[in-house]
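Written below as structure tokens is the structure these notes are about.
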Amino acid sequence: MIVLFLGGLALTVVSGLTLRGAFNRHMGPMIAAVVPGRSDMMDGGRMGPHVVIVDAADQDILFRNYRAGFLEALFWGGGVASLMALVASILLSRRIVSPIRDLSLASQRIAAGKYDERVQVQGEDELADLGNHFNQMASRLQQVEGMRQQLIGDVSHELRTPLTSIKGYMDGLMDGVVPASPETYMQIYQEADRLSRLVDDLQELSRVEAGAVRLELRPVNLVDVFSSVAKRLKPQYDSKNVQLETSIADGLPLLRADLDRLIQVLTNLVGNALQYTPSGGRVTLSAVRRGGEVLVTVSDTGIGISKDDLAHIFDRFYRADKSRSRQQGGGSGVGLTIARHLVQAHGGRLWAESNGPGQGSAFLFTLPIH
Ligand code: ADP
């Protein structure tokens, strides 16, 4: 309505101001006033066939009639134009208002916790873009909410197991059913240790998932990293009688990485390889250049990973064989989740390959060259 009003006002004022000038310019050449004593002015031959000769009073009447005609045309033209503009603007505003109203209702429902809310998207204009982005935001929120609930469930489950065990031992000790021997205290200590490692893992997990880990990217020589990891884990490898081999391609360039974090990732992978490789097996740590990246592989001759498990081992708290992992002193199942986040923070990828149970497995990751 405001647009219509302003348009009408401008049309009336501007045409009123310019009408006299326009009349003179367009009609002027066709009119010649009768000037007393100038008989040449009446010479129709020189002034052309369309010249109308009127006196000054008639000129005024001519202008007034001209203006009346103009106003009449303006009235009808303006009326019809306003009507059309009104209809068009009603249709257009409905087209805009109804999706916005939908979005507004949907966002209220999402704010109330109904994360499965989505809006219907039609067309390909800016409103459709807005609707699509809104739906993307809603599904991301739904995903995060799902993860949050799952995390709470997982964490309580993980906490419950060692706590139940500690409580069981304590009950037994109090009732005198369990002997107060060093073995009993050792079991309790181990369960408490599990709890404390779990809490450490959770803290680290929340940091990497929030992207709060600050990397100090520097040129890193993989030879140093490999030897540091090998040295750290050598005693455990020796005591389980598993061979640890390293091989680095000649002339491998420096990496752009955070040294401590890289050692953390490799220690996790090489430690896992030891954990899931029986005595007499072999673990190989190798690196080659591939395009603008370096590909690091940790492969073992261990228990392997089934196809189903391969799809999940990077999920939080996922353990292919929970009882086995627990017996063998395995972690809480977040080691690989953390490792993948750390590699991704470096701009690389981490994935696993295995031909199946009993066929060994390989963990591969890429890192950018310095
Ligand atoms: P965990 O602390 O249980 O080792 P991870 O996140 O490090 O947790 O590993 C998740 C799961 O992936 C493990 O429980 C195990 O089932 C599987 N896995 C990891 N490394 C290997 C490997 N080298 N061989 C076979 N399975 C493995």
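Letters for chains follow the order of the structure tokens (A, B, ...), residue numbers begin at 1 for each chain, and ligand numbers begin at 1 in the order shown.
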* Asked: Near Leu151 (chain A), counting only C-alpha atoms, which residues have an atom at most 10 Å away, once you skip same-chain residues fewer than 6 positions from it, shown as a ChimeraX atom specification?
  -> /A:145,157,316-317
* To do: Apply DSSP to the backbone of this structure and, from region 169-369 of chain A, keep only the residues in helix (DSSP H, G or I); write these as a count of residues only.
  => 92
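Every protein or nucleic acid residue with an atom no more than 12 Å from Gly16 (chain A), counting only C-alpha atoms and leaving out same-chain residues fewer than 4 positions away, appears here: A:Leu9, A:Ala10, A:Leu11, A:Thr12, A:Arg20, A:Gly21, A:Ala22, A:Phe23, A:Arg67, A:Ala68, A:Phe70, A:Leu71, A:Leu74.
Across the model, the gap from CA of Gln236 (chain A) to CA of Thr366 (chain A) is 26.4 Å.
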* To do: Step by step, measure atom-to-atom distances between ligand 1 and each residue using only C-alpha atoms and all ligand atoms, keep those at most 7 Å, then write them as a PyMOL selection string.
  => chain A and resi 268-269+272-273+276-277+300+302-305+313-314+317-322+325+330-337+360-362
* **Selected residue, from A:Leu342, A:Ala192, A:Ile369, A:Leu127, that lies nearest to Lys167 (chain A) when counting only C-alpha atoms** => A:Ala192
* **Residue among A:Ala88, A:Leu367, A:Ala249, A:Val229 lying closest to Leu217 (chain A), counting only C-alpha atoms** => A:Leu367
* To do: May I have the residues within 10 Å of region 287-292 of chain A as an MDAnalysis selection string, using only C-alpha atoms and disregarding those fewer than 5 positions away in the same chain?
  => chainID A and resid 222:223 226 246:253 297:298 364:370
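Between Ala111 (chain A) and the candidates A:Ala345, A:Leu233, A:Ala138, A:Ala85, the tightest atom-to-atom separation, counting only C-alpha atoms, involves A:Ala138.
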* Using only C-alpha atoms, determine which residues lie at most 8 Å from region 112-121 of chain A, disregarding the query and same-chain residues fewer than 6 positions distant; provide the list as a ChimeraX atom specification. => /A:102-103,106,128,131-132,134-135,138-139,141-142
All heavy atoms of the current selection, written as a PDB file, in the first residue's frame:
ATOM      1  N   ASP A 102       5.764 -20.600   8.076  1.00  0.00           N
ATOM      2  CA  ASP A 102       6.133 -22.016   8.312  1.00  0.00           C
ATOM      3  C   ASP A 102       7.464 -22.110   9.055  1.00  0.00           C
ATOM      4  O   ASP A 102       7.609 -22.870  10.011  1.00  0.00           O
ATOM      5  CB  ASP A 102       6.286 -22.762   6.970  1.00  0.00           C
ATOM      6  CG  ASP A 102       4.936 -23.017   6.348  1.00  0.00           C
ATOM      7  OD1 ASP A 102       3.931 -22.756   7.018  1.00  0.00           O
ATOM      8  OD2 ASP A 102       4.905 -23.481   5.186  1.00  0.00           O
ATOM      9  N   LEU A 103       8.442 -21.311   8.557  1.00  0.00           N
ATOM     10  CA  LEU A 103       9.775 -21.338   9.186  1.00  0.00           C
ATOM     11  C   LEU A 103       9.691 -20.923  10.647  1.00  0.00           C
ATOM     12  O   LEU A 103      10.315 -21.520  11.514  1.00  0.00           O
ATOM     13  CB  LEU A 103      10.709 -20.375   8.457  1.00  0.00           C
ATOM     14  CG  LEU A 103      11.369 -20.893   7.186  1.00  0.00           C
ATOM     15  CD1 LEU A 103      12.073 -19.756   6.474  1.00  0.00           C
ATOM     16  CD2 LEU A 103      12.366 -21.984   7.522  1.00  0.00           C
ATOM     17  N   ALA A 106       8.155 -23.708  12.641  1.00  0.00           N
ATOM     18  CA  ALA A 106       9.089 -24.834  12.767  1.00  0.00           C
ATOM     19  C   ALA A 106      10.199 -24.497  13.755  1.00  0.00           C
ATOM     20  O   ALA A 106      10.589 -25.335  14.569  1.00  0.00           O
ATOM     21  CB  ALA A 106       9.681 -25.171  11.406  1.00  0.00           C
ATOM     22  N   ALA A 128      13.537 -20.602  -0.916  1.00  0.00           N
ATOM     23  CA  ALA A 128      13.802 -22.045  -0.958  1.00  0.00           C
ATOM     24  C   ALA A 128      15.176 -22.326  -0.360  1.00  0.00           C
ATOM     25  O   ALA A 128      15.354 -23.281   0.397  1.00  0.00           O
ATOM     26  CB  ALA A 128      13.733 -22.542  -2.390  1.00  0.00           C
ATOM     27  N   GLY A 131      14.852 -22.150   3.313  1.00  0.00           N
ATOM     28  CA  GLY A 131      14.208 -23.375   3.801  1.00  0.00           C
ATOM     29  C   GLY A 131      15.184 -24.537   3.842  1.00  0.00           C
ATOM     30  O   GLY A 131      15.238 -25.283   4.816  1.00  0.00           O
ATOM     31  N   ASN A 132      15.993 -24.673   2.760  1.00  0.00           N
ATOM     32  CA  ASN A 132      16.971 -25.776   2.723  1.00  0.00           C
ATOM     33  C   ASN A 132      17.986 -25.638   3.848  1.00  0.00           C
ATOM     34  O   ASN A 132      18.323 -26.606   4.518  1.00  0.00           O
ATOM     35  CB  ASN A 132      17.708 -25.781   1.381  1.00  0.00           C
ATOM     36  CG  ASN A 132      16.850 -26.402   0.302  1.00  0.00           C
ATOM     37  OD1 ASN A 132      16.088 -27.322   0.586  1.00  0.00           O
ATOM     38  ND2 ASN A 132      16.958 -25.896  -0.914  1.00  0.00           N
ATOM     39  N   PHE A 134      17.595 -24.075   6.616  1.00  0.00           N
ATOM     40  CA  PHE A 134      16.911 -24.311   7.888  1.00  0.00           C
ATOM     41  C   PHE A 134      16.830 -25.814   8.155  1.00  0.00           C
ATOM     42  O   PHE A 134      17.121 -26.281   9.252  1.00  0.00           O
ATOM     43  CB  PHE A 134      15.506 -23.702   7.825  1.00  0.00           C
ATOM     44  CG  PHE A 134      14.718 -23.887   9.074  1.00  0.00           C
ATOM     45  CD1 PHE A 134      14.803 -22.969  10.101  1.00  0.00           C
ATOM     46  CD2 PHE A 134      13.904 -24.999   9.243  1.00  0.00           C
ATOM     47  CE1 PHE A 134      14.089 -23.151  11.271  1.00  0.00           C
ATOM     48  CE2 PHE A 134      13.193 -25.191  10.398  1.00  0.00           C
ATOM     49  CZ  PHE A 134      13.279 -24.255  11.419  1.00  0.00           C
ATOM     50  N   ASN A 135      16.460 -26.577   7.107  1.00  0.00           N
ATOM     51  CA  ASN A 135      16.352 -28.035   7.273  1.00  0.00           C
ATOM     52  C   ASN A 135      17.706 -28.660   7.598  1.00  0.00           C
ATOM     53  O   ASN A 135      17.796 -29.569   8.414  1.00  0.00           O
ATOM     54  CB  ASN A 135      15.777 -28.668   6.007  1.00  0.00           C
ATOM     55  CG  ASN A 135      14.290 -28.424   5.906  1.00  0.00           C
ATOM     56  OD1 ASN A 135      13.655 -28.057   6.896  1.00  0.00           O
ATOM     57  ND2 ASN A 135      13.736 -28.616   4.726  1.00  0.00           N
ATOM     58  N   ALA A 138      18.387 -28.019  11.138  1.00  0.00           N
ATOM     59  CA  ALA A 138      17.573 -28.871  12.003  1.00  0.00           C
ATOM     60  C   ALA A 138      18.153 -30.283  12.057  1.00  0.00           C
ATOM     61  O   ALA A 138      18.217 -30.877  13.134  1.00  0.00           O
ATOM     62  CB  ALA A 138      16.139 -28.905  11.491  1.00  0.00           C
ATOM     63  N   SER A 139      18.609 -30.812  10.897  1.00  0.00           N
ATOM     64  CA  SER A 139      19.119 -32.188  10.979  1.00  0.00           C
ATOM     65  C   SER A 139      20.442 -32.241  11.719  1.00  0.00           C
ATOM     66  O   SER A 139      20.733 -33.210  12.415  1.00  0.00           O
ATOM     67  CB  SER A 139      19.234 -32.866   9.607  1.00  0.00           C
ATOM     68  OG  SER A 139      19.561 -31.987   8.639  1.00  0.00           O
ATOM     69  N   LEU A 141      21.208 -30.300  14.249  1.00  0.00           N
ATOM     70  CA  LEU A 141      20.828 -30.232  15.664  1.00  0.00           C
ATOM     71  C   LEU A 141      20.342 -31.591  16.154  1.00  0.00           C
ATOM     72  O   LEU A 141      20.685 -32.029  17.257  1.00  0.00           O
ATOM     73  CB  LEU A 141      19.703 -29.208  15.861  1.00  0.00           C
ATOM     74  CG  LEU A 141      20.126 -27.754  15.929  1.00  0.00           C
ATOM     75  CD1 LEU A 141      18.902 -26.861  15.979  1.00  0.00           C
ATOM     76  CD2 LEU A 141      20.976 -27.511  17.165  1.00  0.00           C
ATOM     77  N   GLN A 142      19.566 -32.246  15.281  1.00  0.00           N
ATOM     78  CA  GLN A 142      19.030 -33.557  15.650  1.00  0.00           C
ATOM     79  C   GLN A 142      20.176 -34.550  15.855  1.00  0.00           C
ATOM     80  O   GLN A 142      20.186 -35.321  16.813  1.00  0.00           O
ATOM     81  CB  GLN A 142      18.117 -34.051  14.531  1.00  0.00           C
ATOM     82  CG  GLN A 142      17.336 -35.278  14.910  1.00  0.00           C
ATOM     83  CD  GLN A 142      16.347 -35.664  13.813  1.00  0.00           C
ATOM     84  OE1 GLN A 142      16.504 -35.263  12.662  1.00  0.00           O
ATOM     85  NE2 GLN A 142      15.358 -36.439  14.181  1.00  0.00           N
TER      86      GLN A 142
END
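Our summary of the geometry notes that CA of Gly79 (chain A) is positioned 22.0 Å from CA of Arg64 (chain A).
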* To do: Could you please determine the separation between CA of Val242 (chain A) and CA of Gly280 (chain A) in Å, to one decimal place?
  => 5.2 Å
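Backbone DSSP over region 76-322 of chain A gives strand (DSSP E or B) for Arg218, Pro219, Val220, Gln243, Leu244, Glu245, Thr246, Ser247, Ile248, Leu255, Arg256, Ala257, Arg282, Val283, Thr284, Leu285, Ser286, Ala287, Val288, Arg289, Arg290, Glu293, Val294, Leu295, Val296, Thr297, Val298, Ser299 and Asp300 of chain A.
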Can you write just those residues out, C-alpha atoms, as a compact mmCIF listing (two decimals), in the first residue's frame?
# COMPACT_ATOMS: atom_id res chain seq x y z
CA ARG A 218 56.21 -27.63 12.49
CA PRO A 219 58.42 -29.48 10.01
CA VAL A 220 58.62 -33.04 11.30
CA GLN A 243 58.17 -58.23 16.03
CA LEU A 244 58.07 -54.49 15.28
CA GLU A 245 59.53 -53.41 11.93
CA THR A 246 59.79 -49.93 10.50
CA SER A 247 60.44 -48.92 6.90
CA ILE A 248 60.61 -45.44 5.46
CA LEU A 255 55.80 -33.40 7.29
CA ARG A 256 53.81 -30.44 8.53
CA ALA A 257 52.62 -31.75 11.88
CA ARG A 282 54.59 -59.02 13.26
CA VAL A 283 53.69 -55.33 13.09
CA THR A 284 55.08 -53.14 10.32
CA LEU A 285 55.28 -49.38 10.41
CA SER A 286 55.92 -47.82 6.99
CA ALA A 287 55.71 -44.50 5.17
CA VAL A 288 55.71 -43.55 1.49
CA ARG A 289 55.09 -40.36 -0.40
CA ARG A 290 51.81 -40.13 -2.30
CA GLU A 293 50.98 -36.20 1.11
CA VAL A 294 52.76 -38.88 3.05
CA LEU A 295 50.94 -42.16 3.62
CA VAL A 296 51.74 -43.87 6.93
CA THR A 297 50.68 -47.50 7.38
CA VAL A 298 50.59 -49.59 10.56
CA SER A 299 49.87 -53.17 9.50
CA ASP A 300 49.74 -56.26 11.67
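Checking A:Glu158, A:Asp309, A:Glu216, A:Asp171 one by one against Val199 (chain A), counting only C-alpha atoms, you find the shortest gap at A:Glu158.
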